[in-house]
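Reproduced below: work37.cif, with mmCIF, C-alpha atoms.
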data_entry
#
loop_
_atom_site.label_atom_id
_atom_site.label_comp_id
_atom_site.auth_asym_id
_atom_site.auth_seq_id
_atom_site.Cartn_x
_atom_site.Cartn_y
_atom_site.Cartn_z
CA MET A 17 22.01 -21.27 6.56
CA THR A 18 23.73 -21.72 9.90
CA SER A 19 24.66 -18.03 9.98
CA ILE A 20 23.01 -14.94 8.53
CA THR A 21 26.09 -12.76 8.16
CA ALA A 22 26.63 -10.71 5.00
CA GLU A 23 29.37 -13.11 3.85
CA ASN A 24 27.17 -16.21 4.11
CA THR A 25 24.22 -14.43 2.53
CA ILE A 26 26.34 -13.38 -0.45
CA GLU A 27 27.58 -16.96 -0.85
CA GLN A 28 24.01 -18.30 -1.04
CA LEU A 29 22.96 -15.56 -3.45
CA ARG A 30 25.81 -16.47 -5.81
CA ILE A 31 24.48 -20.04 -5.93
CA ILE A 32 20.97 -18.81 -6.72
CA PHE A 33 22.25 -16.42 -9.40
CA SER A 34 24.18 -19.24 -11.10
CA ARG A 35 20.91 -21.20 -11.47
CA PHE A 36 18.36 -18.53 -12.29
CA GLY A 37 20.39 -15.50 -13.37
CA ILE A 38 21.02 -12.09 -11.84
CA PRO A 39 17.94 -10.07 -10.84
CA ILE A 40 17.44 -6.39 -11.60
CA THR A 41 16.29 -5.48 -8.09
CA LEU A 42 16.67 -7.11 -4.70
CA THR A 43 14.21 -6.30 -1.89
CA ALA A 44 15.45 -6.82 1.67
CA ASP A 45 14.41 -5.84 5.16
CA ASN A 46 16.43 -3.52 7.39
CA ALA A 47 18.71 -6.16 8.89
CA PRO A 48 22.21 -4.70 9.42
CA GLN A 49 23.84 -7.24 7.08
CA LEU A 50 21.34 -6.47 4.26
CA SER A 51 21.10 -2.69 4.42
CA GLU A 52 22.81 -0.09 2.28
CA ASP A 53 25.01 0.82 5.25
CA CYS A 54 26.68 -2.61 5.07
CA GLU A 55 29.66 -1.96 2.81
CA GLU A 56 30.22 -5.64 1.96
CA PHE A 57 26.65 -6.31 0.84
CA SER A 58 26.28 -2.93 -0.90
CA THR A 59 29.49 -3.53 -2.88
CA PHE A 60 28.24 -6.98 -3.89
CA CYS A 61 25.03 -5.49 -5.31
CA ASN A 62 26.97 -2.80 -7.19
CA ILE A 63 29.29 -5.36 -8.78
CA TYR A 64 26.33 -7.42 -10.05
CA GLY A 65 24.37 -4.35 -11.13
CA ILE A 66 21.52 -4.99 -8.67
CA LYS A 67 19.38 -2.21 -7.24
CA LEU A 68 18.99 -2.81 -3.50
CA ILE A 69 15.62 -1.81 -2.04
CA ASN A 70 15.23 -1.79 1.74
CA THR A 71 11.68 -1.88 3.05
CA VAL A 72 10.27 0.78 5.37
CA PRO A 73 10.79 -0.22 9.02
CA TYR A 74 7.69 -1.58 10.80
CA TRP A 75 5.74 -1.75 7.54
CA PRO A 76 5.64 -5.44 6.39
CA GLN A 77 3.02 -4.59 3.76
CA MET A 78 5.83 -3.23 1.59
CA ASN A 79 7.12 -6.81 1.32
CA GLY A 80 3.67 -8.39 1.49
CA GLU A 81 4.25 -11.13 -1.09
CA VAL A 82 7.10 -12.65 0.92
CA GLU A 83 5.28 -12.25 4.24
CA ARG A 84 2.20 -13.99 2.83
CA GLN A 85 4.27 -16.84 1.39
CA ASN A 86 6.07 -17.34 4.71
CA ARG A 87 2.72 -17.64 6.46
CA THR A 88 1.60 -20.33 4.00
CA ILE A 89 4.82 -22.32 4.45
CA LEU A 90 4.57 -22.03 8.24
CA LYS A 91 1.03 -23.40 8.15
CA ARG A 92 2.18 -26.43 6.13
CA LEU A 93 5.01 -27.07 8.58
CA GLN A 94 2.57 -26.93 11.49
CA ILE A 95 0.38 -29.55 9.82
CA SER A 96 3.30 -31.92 9.22
CA GLN A 97 4.44 -31.43 12.83
CA GLU A 98 0.96 -32.23 14.14
CA LEU A 99 0.72 -35.40 12.01
CA GLY A 100 4.20 -36.56 13.02
CA GLN A 101 5.57 -36.36 9.45
CA ASP A 102 9.05 -35.41 8.25
CA TRP A 103 8.72 -31.68 7.67
CA ARG A 104 11.58 -31.64 5.13
CA ILE A 105 9.85 -34.11 2.82
CA GLU A 106 6.45 -32.47 3.26
CA LEU A 107 7.95 -29.06 2.51
CA GLN A 108 9.32 -30.27 -0.83
CA ARG A 109 5.95 -31.80 -1.73
CA PHE A 110 4.23 -28.56 -0.90
CA LEU A 111 6.67 -26.52 -3.00
CA LEU A 112 6.12 -28.79 -6.02
CA THR A 113 2.36 -28.39 -5.68
CA TYR A 114 2.59 -24.64 -5.21
CA ARG A 115 4.97 -24.04 -8.11
CA THR A 116 2.83 -26.03 -10.55
CA SER A 117 -0.55 -24.57 -9.49
CA ALA A 118 -2.07 -21.57 -11.26
CA HIS A 119 -2.01 -18.42 -9.15
CA THR A 120 -5.27 -16.60 -8.53
CA VAL A 121 -3.74 -13.22 -9.44
CA THR A 122 -1.79 -14.02 -12.63
CA GLY A 123 -3.71 -17.08 -13.75
CA ARG A 124 -0.36 -18.84 -14.34
CA SER A 125 1.78 -21.08 -12.17
CA PRO A 126 4.95 -19.64 -10.57
CA ALA A 127 7.10 -22.11 -12.53
CA GLU A 128 5.52 -20.98 -15.79
CA MET A 129 6.14 -17.34 -14.91
CA MET A 130 9.74 -18.11 -14.00
CA PHE A 131 10.79 -20.39 -16.86
CA GLY A 132 8.22 -19.61 -19.55
CA ARG A 133 6.99 -23.21 -19.55
CA LYS A 134 5.02 -25.58 -17.36
CA ILE A 135 6.91 -28.12 -15.26
CA ARG A 136 5.57 -31.64 -14.91
CA ASN A 137 3.91 -32.92 -11.75
CA LYS A 138 1.92 -36.07 -10.92
CA LEU A 139 -1.27 -34.74 -12.50
CA PRO A 140 -2.02 -35.49 -16.19
CA GLN A 141 -1.29 -32.47 -18.41
CA LEU A 142 -2.67 -31.26 -21.71
CA THR A 143 -0.57 -29.78 -24.49
CA GLU A 144 1.49 -26.83 -23.33
CA SER A 145 0.52 -23.37 -24.53
CA ALA A 146 2.89 -20.47 -25.15
CA LEU A 147 3.15 -17.92 -22.36
CA ASN A 148 1.49 -14.63 -23.28
CA ASP A 149 3.39 -12.20 -21.11
CA GLU A 150 1.24 -9.17 -21.97
CA VAL A 151 -1.99 -10.91 -21.03
CA VAL A 152 -0.48 -12.09 -17.74
CA ARG A 153 0.76 -8.61 -16.82
CA ASP A 154 -2.62 -7.05 -17.57
CA ARG A 155 -4.37 -9.66 -15.45
CA ASP A 156 -1.84 -9.21 -12.66
CA SER A 157 -2.30 -5.42 -12.59
CA PHE A 158 -6.10 -5.72 -12.66
CA GLN A 159 -6.26 -8.23 -9.81
CA LYS A 160 -3.80 -6.29 -7.64
CA GLU A 161 -5.70 -3.04 -8.17
CA LYS A 162 -8.93 -4.83 -7.32
CA GLY A 163 -7.39 -6.21 -4.13
CA ARG A 164 -5.98 -2.81 -3.18
CA GLU A 165 -9.38 -1.13 -3.54
CA TYR A 166 -10.99 -3.83 -1.40
CA VAL A 167 -8.42 -3.48 1.39
CA ASP A 168 -8.57 0.34 1.30
CA THR A 169 -12.35 0.20 1.63
CA LYS A 170 -12.18 -2.33 4.46
CA ARG A 171 -9.60 -0.32 6.38
CA ARG A 172 -11.27 3.00 5.52
CA ALA A 173 -7.99 4.28 4.18
CA LYS A 174 -7.66 7.98 3.42
CA ALA A 175 -5.18 9.90 1.35
CA SER A 176 -2.41 11.37 3.48
CA ASP A 177 -2.05 15.16 3.44
CA ILE A 178 1.45 15.08 4.89
CA SER A 179 4.00 16.89 2.74
CA VAL A 180 7.64 17.94 2.93
CA GLY A 181 8.23 20.48 5.69
CA ASP A 182 5.29 19.41 7.85
CA TYR A 183 5.73 18.63 11.54
CA VAL A 184 4.55 15.19 12.63
CA LEU A 185 4.43 12.79 15.56
CA LEU A 186 5.53 9.19 15.06
CA LYS A 187 3.61 6.18 16.29
CA ARG A 188 5.21 4.28 19.16
CA MET A 189 6.12 0.89 17.65
CA ARG A 190 7.19 -0.75 20.92
CA LYS A 191 5.09 0.03 23.96
CA GLU A 192 6.74 -0.49 27.34
CA ASN A 193 3.43 -1.02 29.13
CA LYS A 194 -0.31 -0.42 28.76
CA LEU A 195 0.06 3.16 29.95
CA SER A 196 2.38 4.10 27.09
CA THR A 197 0.91 6.65 24.71
CA GLU A 198 0.08 5.86 21.09
CA TYR A 199 2.55 8.42 19.74
CA ILE A 200 6.05 9.40 20.87
CA ASN A 201 6.28 12.70 22.73
CA GLU A 202 8.79 14.08 20.26
CA GLU A 203 8.34 16.28 17.20
CA PHE A 204 9.72 15.45 13.76
CA VAL A 205 9.94 17.36 10.50
CA VAL A 206 9.36 15.68 7.12
CA LEU A 207 12.47 15.85 4.94
CA SER A 208 11.24 13.88 1.92
CA LYS A 209 8.22 11.94 0.76
CA ARG A 210 7.99 9.33 -1.97
CA GLY A 211 4.54 7.81 -2.18
CA ALA A 212 3.82 6.56 1.33
CA ASP A 213 7.52 6.45 2.26
CA LEU A 214 8.54 9.26 4.62
CA THR A 215 11.96 10.40 5.79
CA VAL A 216 11.66 12.44 8.97
CA LYS A 217 14.15 14.18 11.26
CA SER A 218 13.89 14.59 15.00
CA LEU A 219 13.90 18.19 16.20
CA ALA A 220 15.40 17.10 19.52
CA THR A 221 18.21 14.72 18.50
CA GLY A 222 18.60 15.40 14.76
CA LYS A 223 18.33 11.68 13.89
CA GLU A 224 16.59 10.64 10.68
CA PHE A 225 14.06 7.82 10.34
CA ARG A 226 12.05 6.13 7.57
CA ARG A 227 8.39 5.49 8.26
CA ASN A 228 5.16 4.90 6.39
CA THR A 229 2.62 7.72 6.32
CA ALA A 230 0.25 5.51 8.34
CA HIS A 231 2.69 5.78 11.27
CA ALA A 232 2.86 9.60 11.20
CA LYS A 233 0.37 12.15 12.54
CA LYS A 234 0.45 15.70 11.27
CA ILE A 235 0.53 18.46 13.89
CA GLU A 236 0.27 22.22 13.78
CA ARG A 237 3.43 23.69 15.33
CA THR A 238 3.12 27.39 16.15
CA ASP A 239 5.80 29.58 17.71
CA THR A 240 3.58 32.63 18.38
CA GLU A 241 3.92 32.37 22.16
CA THR A 242 7.69 32.12 21.98
CA SER A 243 8.01 34.99 19.55
CA SER A 244 5.69 37.24 21.58
CA ASN A 245 7.68 36.62 24.74
CA ALA A 246 10.91 37.31 22.90
CA ASP A 247 9.64 40.63 21.50
CA MET A 248 8.38 41.86 24.89
CA PRO A 249 10.92 44.24 26.54
CA GLU A 250 12.30 43.05 29.83
CA SER A 251 11.49 45.11 32.91
CA PRO A 252 14.39 46.24 35.10
CA VAL A 253 14.82 44.19 38.24
CA GLY A 254 13.39 45.93 41.28
CA SER A 255 11.86 48.79 39.30
CA GLY A 256 8.39 47.73 40.32
CA SER A 257 7.04 48.19 36.80
CA ILE A 258 3.95 46.23 35.87
CA PRO A 259 3.40 44.68 32.42
CA PRO A 260 0.88 46.55 30.25
CA SER A 261 -1.52 43.62 30.35
CA LYS A 262 -1.70 43.97 34.16
CA GLN A 263 -1.71 47.77 34.41
CA SER A 264 -5.31 48.64 35.18
CA ASN A 265 -7.39 50.39 37.82
CA GLY A 266 -8.33 48.72 41.06
CA GLU A 267 -11.91 48.10 40.00
CA THR A 268 -10.91 46.13 36.94
CA SER A 269 -8.29 44.14 38.83
CA LEU A 270 -10.74 43.33 41.62
CA LYS A 271 -13.27 42.22 39.06
CA HIS A 272 -10.88 39.53 37.81
CA VAL A 273 -9.69 38.50 41.26
CA GLU A 274 -12.92 38.26 43.23
CA LYS A 275 -15.09 35.24 42.73
CA ARG A 276 -18.67 35.92 41.85
CA LYS A 277 -21.34 34.50 44.15
CA PRO A 278 -23.39 31.89 42.32
CA LYS A 279 -27.01 32.81 41.68
CA GLU A 280 -29.52 30.75 43.63
CA PRO A 281 -32.04 28.70 41.67
CA ALA A 282 -35.60 30.04 41.40
CA TRP A 283 -37.09 27.16 43.35
CA PHE A 284 -35.16 28.32 46.44
CA GLU A 285 -37.65 31.24 46.79
CA SER A 286 -40.35 28.90 48.15
CA TYR A 287 -38.21 28.12 51.22
CA VAL A 288 -38.33 30.32 54.33
CA PRO A 289 -34.98 30.57 56.10
CA HIS A 290 -35.03 30.20 59.94
#
Could you render the structure as structure tokens?
Amino acid sequence: MTSITAENTIEQLRIIFSRFGIPITLTADNAPQLSEDCEEFSTFCNIYGIKLINTVPYWPQMNGEVERQNRTILKRLQISQELGQDWRIELQRFLLTYRTSAHTVTGRSPAEMMFGRKIRNKLPQLTESALNDEVVRDRDSFQKEKGREYVDTKRRAKASDISVGDYVLLKRMRKENKLSTEYINEEFVVLSKRGADLTVKSLATGKEFRRNTAHAKKIERTDTETSSNADMPESPVGSGSIPPSKQSNGETSLKHVEKRKPKEPAWFESYVPH
């Protein structure tokens, strides 16, 4: 694509749909031309009966399958560039190999999962077997759960205790310099929570944001100081009245004002002053 506008994206999606059919859901990042706020793209999804899912900003793990595939393709392009080969031809060869190779998670090739049959490559093939969808789904769920437990253990992940109505700080995603703090000096309130997906609202500006729970830090926000100051009656100007906390006798006031002389260590007693 020479342009990534909503119009050109819709044109390419129509071509893909005519070959492989219309999907039930469509996952996209938060690009302006692919978000729900884009009327043209949102209308296109409604006409085709597609549920548009936008990923959480700054959380690529939500679209991890695509991110991992892009990394594999980029690595193959780097190899072809280093060897001085035509990257277009090498990319097609790689895609044929990838689509006909059994995946470690499902145990089936992507082509077999897509079309319900194996596609032919240069390797000799045995007789084709029917695709058992139930077995594949069970294997896929088991392997993904196994991988999730491994990553959670490696990262020492903990269950988030953030709930609706809590006050949080958001992690600073773009640091201006090395002295920038880890979290933004601004308080937010949690409006909704769905799994690890948070919708928060700024108490200062009123703007709403979507973040993952890993990017939020729960804080305890107390207004006791403000409320106590508000309940305290104001003293008339020039009346010379003293707040109750400061009304005390001279001895008590002097006790708080004067600095106590530090006690000399015991080993000073062996010295004779001149």
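Comparing A:Lys160, A:Arg104, A:Lys134, A:Glu165 by their smallest distance to A:Ala118, the closest is A:Lys134 (using only C-alpha atoms).
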Original post:
atom CA of A:Glu203 to atom CA of A:Leu186: how many Å, to one decimal?
Top reply: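 For atom CA of A:Glu203 relative to atom CA of A:Leu186, the distance reads 7.9 Å.
A straight line drawn from atom CA of A:Ile235 to atom CA of A:Leu185 is 7.1 Å long.
Among the candidate residues A:Glu56, A:Asp213, A:Glu224, A:Glu98, the one lying nearest to A:Val72 is A:Asp213, with distances computed using all atoms listed in the file.
Each of A:Leu42, A:Arg87, A:Ile95, A:Gly37 was compared to A:Met130 using only C-alpha atoms, and A:Gly37 turns out to be the nearest.
Here atom CA of A:Pro76 is placed at a distance of 21.3 Å from atom CA of A:Arg92.
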Residue members of the PyMOL selection byres ((chain A and resi 223) around 12) in the file shown, as a PDB file with C-alpha atoms, keeping the file's coordinate frame:
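Final output, result.pdb:
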ATOM      1  CA  GLU A 202       8.790  14.080  20.260  1.00  0.00           C
ATOM      2  CA  GLU A 203       8.340  16.280  17.200  1.00  0.00           C
ATOM      3  CA  PHE A 204       9.720  15.450  13.760  1.00  0.00           C
ATOM      4  CA  VAL A 205       9.940  17.360  10.500  1.00  0.00           C
ATOM      5  CA  VAL A 206       9.360  15.680   7.120  1.00  0.00           C
ATOM      6  CA  LEU A 207      12.470  15.850   4.940  1.00  0.00           C
ATOM      7  CA  THR A 215      11.960  10.400   5.790  1.00  0.00           C
ATOM      8  CA  VAL A 216      11.660  12.440   8.970  1.00  0.00           C
ATOM      9  CA  LYS A 217      14.150  14.180  11.260  1.00  0.00           C
ATOM     10  CA  SER A 218      13.890  14.590  15.000  1.00  0.00           C
ATOM     11  CA  LEU A 219      13.900  18.190  16.200  1.00  0.00           C
ATOM     12  CA  ALA A 220      15.400  17.100  19.520  1.00  0.00           C
ATOM     13  CA  THR A 221      18.210  14.720  18.500  1.00  0.00           C
ATOM     14  CA  GLY A 222      18.600  15.400  14.760  1.00  0.00           C
ATOM     15  CA  GLU A 224      16.590  10.640  10.680  1.00  0.00           C
ATOM     16  CA  PHE A 225      14.060   7.820  10.340  1.00  0.00           C
ATOM     17  CA  ARG A 226      12.050   6.130   7.570  1.00  0.00           C
TER      18      ARG A 226
END
Subject >> Neighbour residues at most 10 Å from (24.1, -4.6, -1.8) (all atoms listed in the file) as a PyMOL selection string >> reply: chain A and resi 22+26+42+44+49-70
Subject >> Minimum-distance residue to A:Arg237, chosen among A:Ile200, A:Val184, A:Met189, A:Leu99 (using only C-alpha atoms) >> reply: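 When distances to A:Arg237 are compared using only C-alpha atoms, the smallest one comes from A:Val184.
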Subject >> Nearest residue to A:Ala127 from the set A:Leu195, A:Leu90, A:Leu139, A:Leu111 (distances using only C-alpha atoms) >> reply: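 Once distances to A:Ala127 are computed over only C-alpha atoms, the minimum belongs to A:Leu111.
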Original post:
Mind telling me what the PyMOL selection byres ((chain A and resi 121) around 12) catches here, as a ChimeraX atom specification?
Top reply: /A:81,117-120,122-126,151-163
Selected residues, C-alpha atoms, written as a CSV table (one decimal), keeping the file's coordinate frame, please.
chain,number,residue,atom,x,y,z
A,81,GLU,CA,4.2,-11.1,-1.1
A,117,SER,CA,-0.6,-24.6,-9.5
A,118,ALA,CA,-2.1,-21.6,-11.3
A,119,HIS,CA,-2.0,-18.4,-9.2
A,120,THR,CA,-5.3,-16.6,-8.5
A,122,THR,CA,-1.8,-14.0,-12.6
A,123,GLY,CA,-3.7,-17.1,-13.8
A,124,ARG,CA,-0.4,-18.8,-14.3
A,125,SER,CA,1.8,-21.1,-12.2
A,126,PRO,CA,5.0,-19.6,-10.6
A,151,VAL,CA,-2.0,-10.9,-21.0
A,152,VAL,CA,-0.5,-12.1,-17.7
A,153,ARG,CA,0.8,-8.6,-16.8
A,154,ASP,CA,-2.6,-7.0,-17.6
A,155,ARG,CA,-4.4,-9.7,-15.4
A,156,ASP,CA,-1.8,-9.2,-12.7
A,157,SER,CA,-2.3,-5.4,-12.6
A,158,PHE,CA,-6.1,-5.7,-12.7
A,159,GLN,CA,-6.3,-8.2,-9.8
A,160,LYS,CA,-3.8,-6.3,-7.6
A,161,GLU,CA,-5.7,-3.0,-8.2
A,162,LYS,CA,-8.9,-4.8,-7.3
A,163,GLY,CA,-7.4,-6.2,-4.1
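Nearest to A:Ser179 of all the residues A:Asn201, A:Gln94, A:Ser208, A:Asn24 is A:Ser208, counting all atoms listed in the file.
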